[in-house]
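Listing of upload_23.txt; format and content: compact mmCIF, C-alpha atoms.
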```txt
# COMPACT_ATOMS: atom_id res chain seq x y z
CA MET A 1 69.85 74.40 119.48
CA SER A 2 67.41 75.94 117.05
CA ALA A 3 67.63 74.85 113.44
CA GLN A 4 67.14 78.44 112.32
CA ARG A 5 69.57 79.52 109.63
CA TRP A 6 72.31 81.83 110.76
CA ASP A 7 73.77 84.71 108.76
CA ILE A 8 77.45 85.33 109.45
CA ARG A 9 76.99 89.03 108.81
CA ASP A 10 74.78 89.25 111.90
CA SER A 11 77.77 88.45 114.10
CA TYR A 12 80.32 91.07 113.09
CA THR A 13 80.78 94.25 111.13
CA GLU A 14 83.26 93.70 108.33
CA ARG A 15 85.72 96.51 107.78
CA THR A 16 86.93 96.42 104.22
CA ASP A 17 90.34 97.82 105.20
CA HIS A 18 90.80 94.70 107.34
CA VAL A 19 90.54 92.33 104.39
CA ILE A 20 93.45 91.99 102.00
CA THR A 21 93.45 89.77 98.94
CA HIS A 22 95.99 88.56 96.41
CA PRO A 23 96.02 90.86 93.34
CA ASN A 24 95.91 87.85 91.04
CA PRO A 25 93.75 85.11 92.64
CA SER A 26 94.19 82.82 89.63
CA ALA A 27 97.91 82.71 90.39
CA VAL A 28 97.21 80.93 93.66
CA SER A 29 94.21 78.88 92.55
CA LEU A 30 96.25 75.66 92.28
CA SER A 31 98.78 76.40 95.00
CA VAL A 32 98.78 76.03 98.77
CA ARG A 33 99.05 79.78 99.30
CA ALA A 34 96.33 81.88 100.87
CA SER A 35 94.39 84.24 98.60
CA ALA A 36 92.84 86.38 101.37
CA LEU A 37 93.63 87.54 104.88
CA VAL A 38 91.52 89.28 107.51
CA PHE A 39 92.38 91.03 110.77
CA SER A 40 89.32 90.39 112.92
CA ASP A 41 90.79 88.26 115.71
CA PRO A 42 92.48 90.38 118.42
CA LYS A 43 95.74 88.54 117.72
CA SER A 44 95.45 89.48 114.04
CA GLN A 45 94.70 93.07 114.99
CA ASN A 46 97.91 93.13 117.02
CA LEU A 47 99.73 91.82 113.96
CA LEU A 48 98.19 94.55 111.81
CA SER A 49 99.34 97.15 114.32
CA LEU A 50 102.90 95.78 114.11
CA ILE A 51 102.81 95.85 110.30
CA GLU A 52 101.66 99.48 110.30
CA ARG A 53 104.49 100.44 112.67
CA ILE A 54 107.31 98.84 110.70
CA ALA A 55 106.06 99.35 107.12
CA SER A 56 107.61 102.79 106.61
CA SER A 57 111.11 101.59 107.48
CA ASN A 58 113.52 99.77 105.18
CA ALA A 59 114.24 97.11 107.79
CA THR A 60 114.48 93.53 106.59
CA ALA A 61 111.56 91.48 107.90
CA LEU A 62 111.19 87.74 108.47
CA ILE A 63 107.66 86.33 108.35
CA ILE A 64 107.32 83.03 110.19
CA GLY A 65 104.25 80.88 109.68
CA GLU A 66 102.81 77.63 108.40
CA THR A 67 101.97 77.06 104.75
CA GLY A 68 98.63 78.60 103.78
CA THR A 69 98.56 81.24 106.54
CA GLY A 70 99.06 84.22 104.20
CA LYS A 71 102.77 85.09 104.42
CA GLU A 72 102.93 86.56 100.92
CA LEU A 73 99.82 88.65 101.62
CA ILE A 74 101.51 90.06 104.73
CA ALA A 75 104.57 90.93 102.65
CA ARG A 76 102.41 92.62 100.01
CA HIS A 77 100.59 94.59 102.71
CA ILE A 78 103.86 95.80 104.21
CA HIS A 79 104.91 96.95 100.74
CA SER A 80 101.59 98.71 100.08
CA LEU A 81 101.93 100.70 103.33
CA SER A 82 105.59 101.58 102.78
CA ASN A 83 107.31 104.47 101.02
CA ARG A 84 108.13 101.97 98.27
CA ARG A 85 104.49 101.37 97.37
CA ASN A 86 104.95 102.89 93.91
CA GLY A 87 107.92 100.64 93.21
CA PRO A 88 107.84 96.99 92.14
CA PHE A 89 106.91 94.10 94.40
CA GLN A 90 108.53 90.85 93.31
CA ALA A 91 107.84 87.46 94.93
CA ILE A 92 109.96 84.35 94.45
CA ASN A 93 109.75 80.91 96.02
CA CYS A 94 113.28 79.81 96.87
CA GLY A 95 112.22 76.17 96.86
CA ALA A 96 111.00 76.33 93.26
CA PHE A 97 114.48 76.36 91.72
CA SER A 98 117.30 73.83 91.71
CA GLU A 99 120.60 74.65 93.37
CA THR A 100 122.19 75.29 89.97
CA LEU A 101 119.49 77.77 88.92
CA VAL A 102 118.67 79.71 92.06
CA GLU A 103 121.71 82.02 91.91
CA SER A 104 121.12 83.00 88.29
CA GLU A 105 117.45 83.63 89.10
CA LEU A 106 118.22 85.83 92.10
CA PHE A 107 121.24 87.71 90.82
CA GLY A 108 120.93 87.40 87.04
CA TYR A 109 123.60 86.27 84.57
CA GLU A 110 125.64 87.48 81.62
CA LYS A 111 125.59 86.04 78.13
CA GLY A 112 127.87 82.99 77.93
CA ALA A 113 128.04 82.57 81.72
CA PHE A 114 127.07 78.91 81.32
CA THR A 115 125.77 76.51 78.69
CA GLY A 116 122.45 77.81 77.43
CA ALA A 117 123.01 81.42 78.51
CA ASN A 118 122.48 82.82 75.03
CA ALA A 119 121.62 86.29 76.33
CA SER A 120 122.03 88.27 79.52
CA LYS A 121 119.22 88.10 82.04
CA VAL A 122 118.24 90.46 84.85
CA GLY A 123 117.85 88.77 88.24
CA TRP A 124 115.05 89.23 90.75
CA PHE A 125 117.04 91.69 92.87
CA GLU A 126 117.50 94.02 89.92
CA THR A 127 113.88 93.58 88.88
CA ALA A 128 112.77 94.67 92.37
CA ASN A 129 115.05 97.75 92.40
CA GLY A 130 113.31 100.64 94.10
CA GLY A 131 110.74 98.32 95.64
CA THR A 132 110.42 95.12 97.67
CA LEU A 133 111.65 91.57 97.08
CA PHE A 134 109.80 88.77 98.88
CA LEU A 135 111.78 85.55 99.28
CA ASP A 136 109.46 82.76 100.37
CA GLU A 137 110.81 79.50 101.84
CA ILE A 138 114.20 81.13 102.38
CA GLY A 139 115.21 78.11 104.45
CA ASP A 140 115.45 76.10 101.19
CA LEU A 141 118.35 78.20 99.85
CA PRO A 142 121.57 76.20 99.41
CA GLN A 143 124.41 77.37 101.64
CA SER A 144 126.48 78.63 98.71
CA THR A 145 123.63 80.97 97.80
CA GLN A 146 123.16 81.98 101.43
CA VAL A 147 126.73 83.34 101.44
CA LYS A 148 126.08 85.45 98.34
CA LEU A 149 122.72 86.66 99.65
CA LEU A 150 124.40 87.84 102.85
CA ARG A 151 126.91 89.81 100.81
CA VAL A 152 124.13 91.41 98.75
CA LEU A 153 122.37 92.53 101.93
CA GLN A 154 125.58 93.93 103.37
CA GLU A 155 126.94 95.65 100.27
CA ARG A 156 123.59 96.60 98.66
CA GLU A 157 124.85 95.43 95.28
CA VAL A 158 124.64 92.29 93.13
CA VAL A 159 127.10 90.64 90.80
CA ARG A 160 125.52 88.69 87.97
CA VAL A 161 126.70 85.14 87.34
CA GLY A 162 129.57 85.39 84.84
CA ALA A 163 130.22 89.08 85.58
CA ARG A 164 132.71 90.95 87.76
CA LYS A 165 131.20 94.42 87.90
CA PRO A 166 128.78 94.94 90.83
CA ILE A 167 125.41 96.59 90.21
CA PRO A 168 124.05 98.85 92.99
CA ILE A 169 120.53 98.03 94.15
CA ASP A 170 117.93 99.65 96.38
CA VAL A 171 115.70 96.81 97.52
CA ARG A 172 113.88 96.05 100.73
CA LEU A 173 113.98 92.35 101.52
CA ILE A 174 111.12 90.51 103.17
CA ALA A 175 111.79 86.82 103.77
CA ALA A 176 109.45 84.06 104.91
CA THR A 177 109.77 80.55 106.21
CA ASN A 178 107.56 77.71 107.37
CA VAL A 179 110.44 75.91 109.07
CA ASN A 180 112.26 76.62 112.32
CA LEU A 181 115.35 78.51 111.16
CA GLU A 182 116.87 78.42 114.64
CA GLU A 183 116.85 74.62 114.45
CA ALA A 184 118.23 74.81 110.90
CA VAL A 185 121.08 77.00 112.20
CA LYS A 186 121.84 74.49 114.97
CA ALA A 187 121.79 71.65 112.42
CA GLY A 188 124.19 73.54 110.15
CA ARG A 189 121.70 73.91 107.29
CA PHE A 190 121.30 77.69 107.56
CA ARG A 191 123.97 80.31 108.21
CA GLU A 192 123.71 81.98 111.59
CA ASP A 193 124.95 85.36 110.32
CA LEU A 194 122.31 85.40 107.56
CA TYR A 195 119.62 84.37 110.03
CA TYR A 196 120.27 87.37 112.24
CA ARG A 197 120.61 89.62 109.20
CA ILE A 198 117.11 88.80 107.92
CA LYS A 199 115.50 88.66 111.37
CA VAL A 200 115.68 92.39 112.04
CA VAL A 201 111.90 92.50 112.33
CA PRO A 202 110.43 89.04 113.06
CA ILE A 203 106.72 88.72 112.26
CA GLU A 204 104.95 85.63 113.58
CA LEU A 205 101.86 84.72 111.57
CA LEU A 206 99.81 82.35 113.69
CA PRO A 207 98.01 79.35 112.17
CA LEU A 208 94.28 79.78 111.65
CA ARG A 209 93.45 77.47 114.57
CA GLU A 210 95.14 80.00 116.90
CA ARG A 211 93.26 83.04 115.56
CA ARG A 212 89.79 81.63 115.44
CA GLY A 213 88.17 85.05 115.38
CA ASP A 214 89.27 85.26 111.73
CA ILE A 215 87.47 82.09 110.64
CA LEU A 216 83.92 83.37 110.18
CA PRO A 217 84.96 86.65 108.49
CA LEU A 218 87.03 84.58 106.07
CA VAL A 219 84.06 82.28 105.48
CA GLU A 220 81.90 85.29 104.65
CA HIS A 221 84.55 86.64 102.29
CA PHE A 222 84.90 83.34 100.42
CA LEU A 223 81.14 82.87 100.26
CA THR A 224 80.91 86.25 98.56
CA VAL A 225 83.79 85.46 96.19
CA TYR A 226 82.34 82.15 95.01
CA ARG A 227 78.75 83.36 94.96
CA ASN A 228 79.87 86.02 92.47
CA LYS A 229 82.04 83.62 90.48
CA LEU A 230 79.46 80.85 90.25
CA ASN A 231 76.32 83.03 90.17
CA THR A 232 74.74 81.12 93.05
CA SER A 233 72.32 82.19 95.76
CA ASP A 234 73.37 83.90 98.98
CA HIS A 235 74.33 80.99 101.22
CA LYS A 236 73.87 80.98 104.98
CA LEU A 237 75.20 78.57 107.59
CA ALA A 238 73.25 76.12 109.70
CA PRO A 239 74.20 76.49 113.40
CA GLU A 240 75.87 73.09 113.43
CA THR A 241 77.93 74.13 110.40
CA THR A 242 79.15 77.19 112.24
CA SER A 243 80.15 75.05 115.20
CA LEU A 244 82.05 72.65 112.96
CA LEU A 245 83.88 75.47 111.20
CA MET A 246 84.97 76.87 114.56
CA GLU A 247 86.03 73.52 116.04
CA TYR A 248 87.93 72.08 113.07
CA PRO A 249 91.72 72.54 113.43
CA TRP A 250 92.35 73.69 109.82
CA PRO A 251 95.72 72.02 109.27
CA GLY A 252 95.83 73.59 105.79
CA ASN A 253 95.00 77.02 107.22
CA ILE A 254 93.31 79.68 105.07
CA ARG A 255 93.90 77.83 101.82
CA GLU A 256 92.10 74.76 103.13
CA LEU A 257 89.22 76.92 104.38
CA GLU A 258 88.83 78.50 100.94
CA ASN A 259 88.81 75.10 99.23
CA VAL A 260 86.15 73.83 101.65
CA ILE A 261 83.89 76.83 101.06
CA HIS A 262 84.37 76.63 97.29
CA ARG A 263 83.30 73.00 97.26
CA ALA A 264 80.39 73.62 99.61
CA VAL A 265 78.98 76.34 97.36
CA LEU A 266 79.34 74.02 94.37
CA VAL A 267 77.63 70.96 95.85
CA SER A 268 74.99 72.49 98.11
CA THR A 269 71.43 71.87 96.94
CA SER A 270 69.96 74.67 99.05
CA ASP A 271 70.86 78.16 100.21
CA THR A 272 71.84 76.77 103.62
CA LEU A 273 75.18 75.05 104.11
CA TYR A 274 75.16 71.97 106.32
CA PRO A 275 78.13 69.98 107.70
CA LYS A 276 77.79 67.39 104.92
CA ASP A 277 78.38 70.16 102.38
CA LEU A 278 81.75 70.94 103.93
CA ASN A 279 82.98 67.36 103.48
CA LEU A 280 85.71 67.91 106.06
CA PRO A 281 88.11 64.97 106.41
CA LYS A 282 87.65 62.56 109.29
CA ILE A 283 90.18 63.50 111.92
CA SER A 284 91.98 60.33 112.93
CA PHE A 285 92.73 61.52 116.45
CA ASN A 286 90.47 62.47 119.32
CA ARG A 287 89.17 66.01 119.55
CA PRO A 288 91.79 67.99 121.48
CA GLU A 289 91.27 69.56 124.85
CA LEU A 290 90.06 73.10 124.42
CA THR A 291 91.38 76.10 126.28
CA ALA A 292 89.45 79.33 126.68
CA ASP A 293 90.78 82.15 124.51
CA GLU A 294 90.14 85.33 126.45
CA ASP A 295 91.01 87.57 123.50
CA SER A 296 88.63 86.15 120.93
CA GLY A 297 86.00 84.56 123.12
CA TYR A 298 86.40 81.22 121.34
CA SER A 299 87.83 77.95 122.56
CA ALA A 300 91.08 76.99 120.90
CA PRO A 301 93.06 73.75 120.82
CA LEU A 302 96.03 73.57 123.12
CA PRO A 303 99.13 74.48 121.07
CA GLY A 304 101.95 72.18 120.16
CA ARG A 305 99.98 68.98 119.64
CA VAL A 306 101.88 66.51 117.46
CA SER A 307 98.64 65.28 115.88
CA TYR A 308 97.89 68.72 114.45
CA GLU A 309 101.42 69.05 113.12
CA ARG A 310 101.19 65.68 111.39
CA GLN A 311 97.74 66.45 109.99
CA SER A 312 99.02 69.80 108.73
CA ALA A 313 102.04 68.19 107.06
CA LEU A 314 99.85 65.60 105.35
CA TYR A 315 97.50 68.27 104.05
CA LYS A 316 100.43 70.24 102.63
CA LEU A 317 101.78 67.12 100.95
CA GLU A 318 98.40 66.32 99.41
CA SER A 319 98.04 69.90 98.15
CA ILE A 320 101.48 69.86 96.55
CA LEU A 321 100.72 66.51 94.89
CA GLU A 322 97.45 67.91 93.51
CA GLU A 323 99.39 70.84 92.07
CA LEU A 324 101.90 68.50 90.44
CA PHE A 325 99.08 66.35 89.05
CA GLU A 326 97.58 69.46 87.46
CA GLN A 327 100.94 70.39 85.91
CA GLY A 328 101.48 66.83 84.63
CA PRO A 329 105.30 66.73 84.51
CA GLU A 330 107.02 63.76 82.90
CA ASN A 331 108.25 60.90 85.12
CA LEU A 332 106.29 62.22 88.08
CA TYR A 333 106.89 59.15 90.24
CA GLU A 334 110.64 59.36 89.66
CA LEU A 335 110.57 63.08 90.48
CA ILE A 336 108.73 62.55 93.76
CA ASN A 337 110.75 59.51 94.80
CA GLY A 338 114.07 61.10 93.93
CA THR A 339 113.23 64.34 95.70
CA THR A 340 112.12 62.45 98.82
CA VAL A 341 115.34 60.42 98.99
CA SER A 342 117.68 63.34 98.27
CA LYS A 343 115.94 65.59 100.81
CA ALA A 344 116.07 62.89 103.49
CA TYR A 345 119.77 62.36 102.77
CA ALA A 346 120.51 66.09 103.03
CA HIS A 347 118.36 66.43 106.17
CA SER A 348 120.41 63.64 107.75
CA LYS A 349 123.64 65.49 106.88
CA ASN A 350 124.53 62.77 104.35
CA ASN A 351 124.41 60.08 107.02
CA GLN A 352 123.10 56.95 105.29
CA VAL A 353 122.07 55.18 108.50
CA HIS A 354 120.01 58.12 109.71
CA ALA A 355 118.47 58.74 106.28
CA ALA A 356 117.46 55.07 105.90
CA LYS A 357 115.88 55.13 109.36
CA LEU A 358 114.07 58.36 108.54
CA LEU A 359 112.60 56.84 105.36
CA GLY A 360 111.88 53.46 106.95
CA ILE A 361 113.95 51.51 104.42
CA SER A 362 117.12 49.45 104.64
CA ARG A 363 120.52 51.03 104.14
CA ASN A 364 121.17 48.80 101.11
CA ILE A 365 118.02 50.06 99.39
CA LEU A 366 118.99 53.64 100.22
CA ARG A 367 122.53 53.18 98.89
CA ALA A 368 121.23 51.77 95.62
CA ARG A 369 118.85 54.73 95.22
CA LEU A 370 121.57 57.26 96.09
CA LYS A 371 123.78 55.76 93.40
CA GLU A 372 120.97 56.03 90.86
CA LEU A 373 120.64 59.72 91.79
CA ASN A 374 124.42 60.20 91.51
CA LEU A 375 124.58 61.38 95.11
CA ILE A 376 127.24 58.81 96.01
CA ALA A 377 129.80 56.92 93.95
```
Would you write the structure of this file as structure tokens?
Amino acid sequence: MSAQRWDIRDSYTERTDHVITHPNPSAVSLSVRASALVFSDPKSQNLLSLIERIASSNATALIIGETGTGKELIARHIHSLSNRRNGPFQAINCGAFSETLVESELFGYEKGAFTGANASKVGWFETANGGTLFLDEIGDLPQSTQVKLLRVLQEREVVRVGARKPIPIDVRLIAATNVNLEEAVKAGRFREDLYYRIKVVPIELLPLRERRGDILPLVEHFLTVYRNKLNTSDHKLAPETTSLLMEYPWPGNIRELENVIHRAVLVSTSDTLYPKDLNLPKISFNRPELTADEDSGYSAPLPGRVSYERQSALYKLESILEELFEQGPENLYELINGTTVSKAYAHSKNNQVHAAKLLGISRNILRARLKELNLIA
């Protein structure tokens, strides 16, 4: 293969209406969320067509996809194409609040409703009135809150914590999840009636490795973004860099791709990016078999490989840890350890034997830790 530099823009014509970006990129700079999304791959174009068909309705939508694929961007795009575009768009991560706080955040509370409630507070549903409310990681909602959310969707009204009078609302709900809610329903962790209530319009957002026609347009977008931010030269890709970008499985999806391009622009000593500039992690498993993708013309890994799932999970964990390190909370080790144990215990339906096996520790060690966390007597 010739060593001639290759300009991505020679390979496709970018349509600006096929690129959507987060309105506040700094808000996602330290998160695992995607800051941009393109619709160049035929599978992505089919997704865009679906979005355009359902946007004008008020139907509840459920976006299903891995972390970093752009679920919030899809929700924002649905809102921007809808009749509610002039109303508010509010986004909340259901996993960001404790079980004791999530209801007051969603539905609001009255003064004196609980210790520390020194004034009334409007909840996210009221804040989104007349517009769209995006609930990310809806699978993390505690079951008590799931019951109340179902009632809100049925009655179209909320009751603040500590109040009795319902408040009418006009909100379109878009939910998202990176877990299999059907499995969560079977396991008893998610209400079946709520699942079918939010899954009126299911939207499957494929991982980046399954829409490889989007990779190079995203690369070009991020190159432009960081060239402008860092005042660098116009970088091009060596042919072997292009091949690597197309073959890598991108377990962290669009967010990982952006981080890789950002770093490459920072460290490159020339206006050509080479594989060493990407600094992609060494994949600990053999390169997967490739299957021809007739839609995009690229070869794609066979779906459902456990190795990819594990690599993806590890990348997400590392990204979350980096975010926590940046925030610098107190007693970080205790926070991580306690969260890991309590989540494993809940996942195992409070079965100590199963939870200990899941964590790879003895039951005695688990019991001692559960007592420290006040999860058992």
Env of region 85-98 of chain A: 7 Å cut, atoms = all atoms listed in the file, seq-sep filter 2 positions within chain, self excluded. Answer as a list in words.
His79, Ser80, Leu81, Ser82, Asn83, Thr100, Leu101, Val102, Ala128, Gly130, Gly131, Thr132, Leu133, Phe134, Leu135, Asp136, Glu137, Ile138, Asp140 and Leu141 of chain A
Restricted to C-alpha atoms, what would the selected residues look like written as a PDB file, in the frame of the given file?
```pdb
ATOM      1  CA  HIS A  79     104.910  96.950 100.740  1.00  0.00           C
ATOM      2  CA  SER A  80     101.590  98.710 100.080  1.00  0.00           C
ATOM      3  CA  LEU A  81     101.930 100.700 103.330  1.00  0.00           C
ATOM      4  CA  SER A  82     105.590 101.580 102.780  1.00  0.00           C
ATOM      5  CA  ASN A  83     107.310 104.470 101.020  1.00  0.00           C
ATOM      6  CA  THR A 100     122.190  75.290  89.970  1.00  0.00           C
ATOM      7  CA  LEU A 101     119.490  77.770  88.920  1.00  0.00           C
ATOM      8  CA  VAL A 102     118.670  79.710  92.060  1.00  0.00           C
ATOM      9  CA  ALA A 128     112.770  94.670  92.370  1.00  0.00           C
ATOM     10  CA  GLY A 130     113.310 100.640  94.100  1.00  0.00           C
ATOM     11  CA  GLY A 131     110.740  98.320  95.640  1.00  0.00           C
ATOM     12  CA  THR A 132     110.420  95.120  97.670  1.00  0.00           C
ATOM     13  CA  LEU A 133     111.650  91.570  97.080  1.00  0.00           C
ATOM     14  CA  PHE A 134     109.800  88.770  98.880  1.00  0.00           C
ATOM     15  CA  LEU A 135     111.780  85.550  99.280  1.00  0.00           C
ATOM     16  CA  ASP A 136     109.460  82.760 100.370  1.00  0.00           C
ATOM     17  CA  GLU A 137     110.810  79.500 101.840  1.00  0.00           C
ATOM     18  CA  ILE A 138     114.200  81.130 102.380  1.00  0.00           C
ATOM     19  CA  ASP A 140     115.450  76.100 101.190  1.00  0.00           C
ATOM     20  CA  LEU A 141     118.350  78.200  99.850  1.00  0.00           C
TER      21      LEU A 141
END
```
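With all atoms listed in the file as the basis for measurement, A:Ile203 is the residue among A:Val122, A:Val267, A:Ile203, A:Leu216 that approaches Gly70 (chain A) most closely.
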For Lys43 (chain A), list every protein, DNA or RNA residue within 10 Å, evaluated using all atoms listed in the file, and leave out those in the same chain fewer than 6 positions away; present the list as a list in words.
Ser49, Leu205, Leu206, Glu210, Arg211, Arg212, Gly213, Asp214, Asp295 and Ser296 of chain A
Those selected residues, please, written with C-alpha atoms and delivered as a short mmCIF file (atom, residue, chain, number, x, y, z; two decimals), in the coordinates of the input.
```cif
data_model
loop_
_atom_site.label_atom_id
_atom_site.label_comp_id
_atom_site.auth_asym_id
_atom_site.auth_seq_id
_atom_site.Cartn_x
_atom_site.Cartn_y
_atom_site.Cartn_z
CA SER A 49 99.34 97.15 114.32
CA LEU A 205 101.86 84.72 111.57
CA LEU A 206 99.81 82.35 113.69
CA GLU A 210 95.14 80.00 116.90
CA ARG A 211 93.26 83.04 115.56
CA ARG A 212 89.79 81.63 115.44
CA GLY A 213 88.17 85.05 115.38
CA ASP A 214 89.27 85.26 111.73
CA ASP A 295 91.01 87.57 123.50
CA SER A 296 88.63 86.15 120.93
#
```
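Distances from A:Thr340, A:Asn46, A:Asn231, A:Ser120 to Leu317 (chain A) were compared using only C-alpha atoms, and the smallest one belongs to A:Thr340.
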So that I can see what lies close to Phe125 (chain A), please list as JSON, numbers by chain the residues with an atom at most 8 Å from it, counting only C-alpha atoms and leaving out residues fewer than 3 positions away in the same chain.
{"A": [106, 107, 128, 129, 133, 158, 169, 171]}
As an exercise, work out the distance from CA of Ile64 (chain A) to CA of Thr145 (chain A) in Å and give it to one decimal place.
20.6 Å
Give one line per residue of region 14-128 of chain A that approaches region 247-266 of chain A to at most 8 Å, naming the two atoms of the closest pair and their distance in Å to one decimal, counting only C-alpha atoms; sort by chain then ascending residue number and deliver it as JSON lines.
```
{"residue": "A:Val32", "atom": "CA", "partner": "A:Arg255", "partner_atom": "CA", "distance": 6.0}
{"residue": "A:Arg33", "atom": "CA", "partner": "A:Arg255", "partner_atom": "CA", "distance": 6.1}
{"residue": "A:Ala34", "atom": "CA", "partner": "A:Arg255", "partner_atom": "CA", "distance": 4.8}
{"residue": "A:Ser35", "atom": "CA", "partner": "A:Arg255", "partner_atom": "CA", "distance": 7.2}
{"residue": "A:Ala36", "atom": "CA", "partner": "A:Ile254", "partner_atom": "CA", "distance": 7.7}
{"residue": "A:Leu37", "atom": "CA", "partner": "A:Ile254", "partner_atom": "CA", "distance": 7.9}
{"residue": "A:Glu66", "atom": "CA", "partner": "A:Asn253", "partner_atom": "CA", "distance": 7.9}
{"residue": "A:Thr67", "atom": "CA", "partner": "A:Gly252", "partner_atom": "CA", "distance": 7.1}
{"residue": "A:Gly68", "atom": "CA", "partner": "A:Arg255", "partner_atom": "CA", "distance": 5.2}
{"residue": "A:Thr69", "atom": "CA", "partner": "A:Asn253", "partner_atom": "CA", "distance": 5.6}
{"residue": "A:Gly70", "atom": "CA", "partner": "A:Ile254", "partner_atom": "CA", "distance": 7.4}
```
Here is a test: counting all atoms listed in the file, which residue of A:Ala346, A:Ile198, A:Ile78, A:Pro168 is nearest to Ile54 (chain A)?
A:Ile78
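Our summary of the geometry notes that CA of Leu48 (chain A) is positioned 10.9 Å from CA of Val19 (chain A).
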Taking 3 positions as the minimum chain separation for residues in the same chain, which residues sit within 10 Å of Thr242 (chain A) when counting all atoms listed in the file? Answer as a PyMOL selection string.
chain A and resi 6-8+215-216+219+236-239+245-247+273-275
Okay, now the selection with C-alpha atoms, as a PDB file, in the frame of the given file?
```pdb
ATOM      1  CA  TRP A   6      72.310  81.830 110.760  1.00  0.00           C
ATOM      2  CA  ASP A   7      73.770  84.710 108.760  1.00  0.00           C
ATOM      3  CA  ILE A   8      77.450  85.330 109.450  1.00  0.00           C
ATOM      4  CA  ILE A 215      87.470  82.090 110.640  1.00  0.00           C
ATOM      5  CA  LEU A 216      83.920  83.370 110.180  1.00  0.00           C
ATOM      6  CA  VAL A 219      84.060  82.280 105.480  1.00  0.00           C
ATOM      7  CA  LYS A 236      73.870  80.980 104.980  1.00  0.00           C
ATOM      8  CA  LEU A 237      75.200  78.570 107.590  1.00  0.00           C
ATOM      9  CA  ALA A 238      73.250  76.120 109.700  1.00  0.00           C
ATOM     10  CA  PRO A 239      74.200  76.490 113.400  1.00  0.00           C
ATOM     11  CA  LEU A 245      83.880  75.470 111.200  1.00  0.00           C
ATOM     12  CA  MET A 246      84.970  76.870 114.560  1.00  0.00           C
ATOM     13  CA  GLU A 247      86.030  73.520 116.040  1.00  0.00           C
ATOM     14  CA  LEU A 273      75.180  75.050 104.110  1.00  0.00           C
ATOM     15  CA  TYR A 274      75.160  71.970 106.320  1.00  0.00           C
ATOM     16  CA  PRO A 275      78.130  69.980 107.700  1.00  0.00           C
TER      17      PRO A 275
END
```
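When CA of Ala61 (chain A) is paired with CA of Leu173 (chain A), their separation reads 6.9 Å.
With all atoms listed in the file as the atoms that count, the minimum distance from Thr127 (chain A) to the choices A:Glu240, A:Glu110, A:Glu318, A:Asp170 is reached by A:Asp170.
For the choices A:Ala377, A:Ile365, A:Val38, A:Val185, the atom-to-atom distance to Glu220 (chain A) is smallest for A:Val38 when using all atoms listed in the file.
Of the residues under consideration (A:Leu321, A:Leu244, A:Leu375, A:Ala163), A:Leu375 shows the shortest atom-to-atom contact distance to Ser342 (chain A) when counting only C-alpha atoms.
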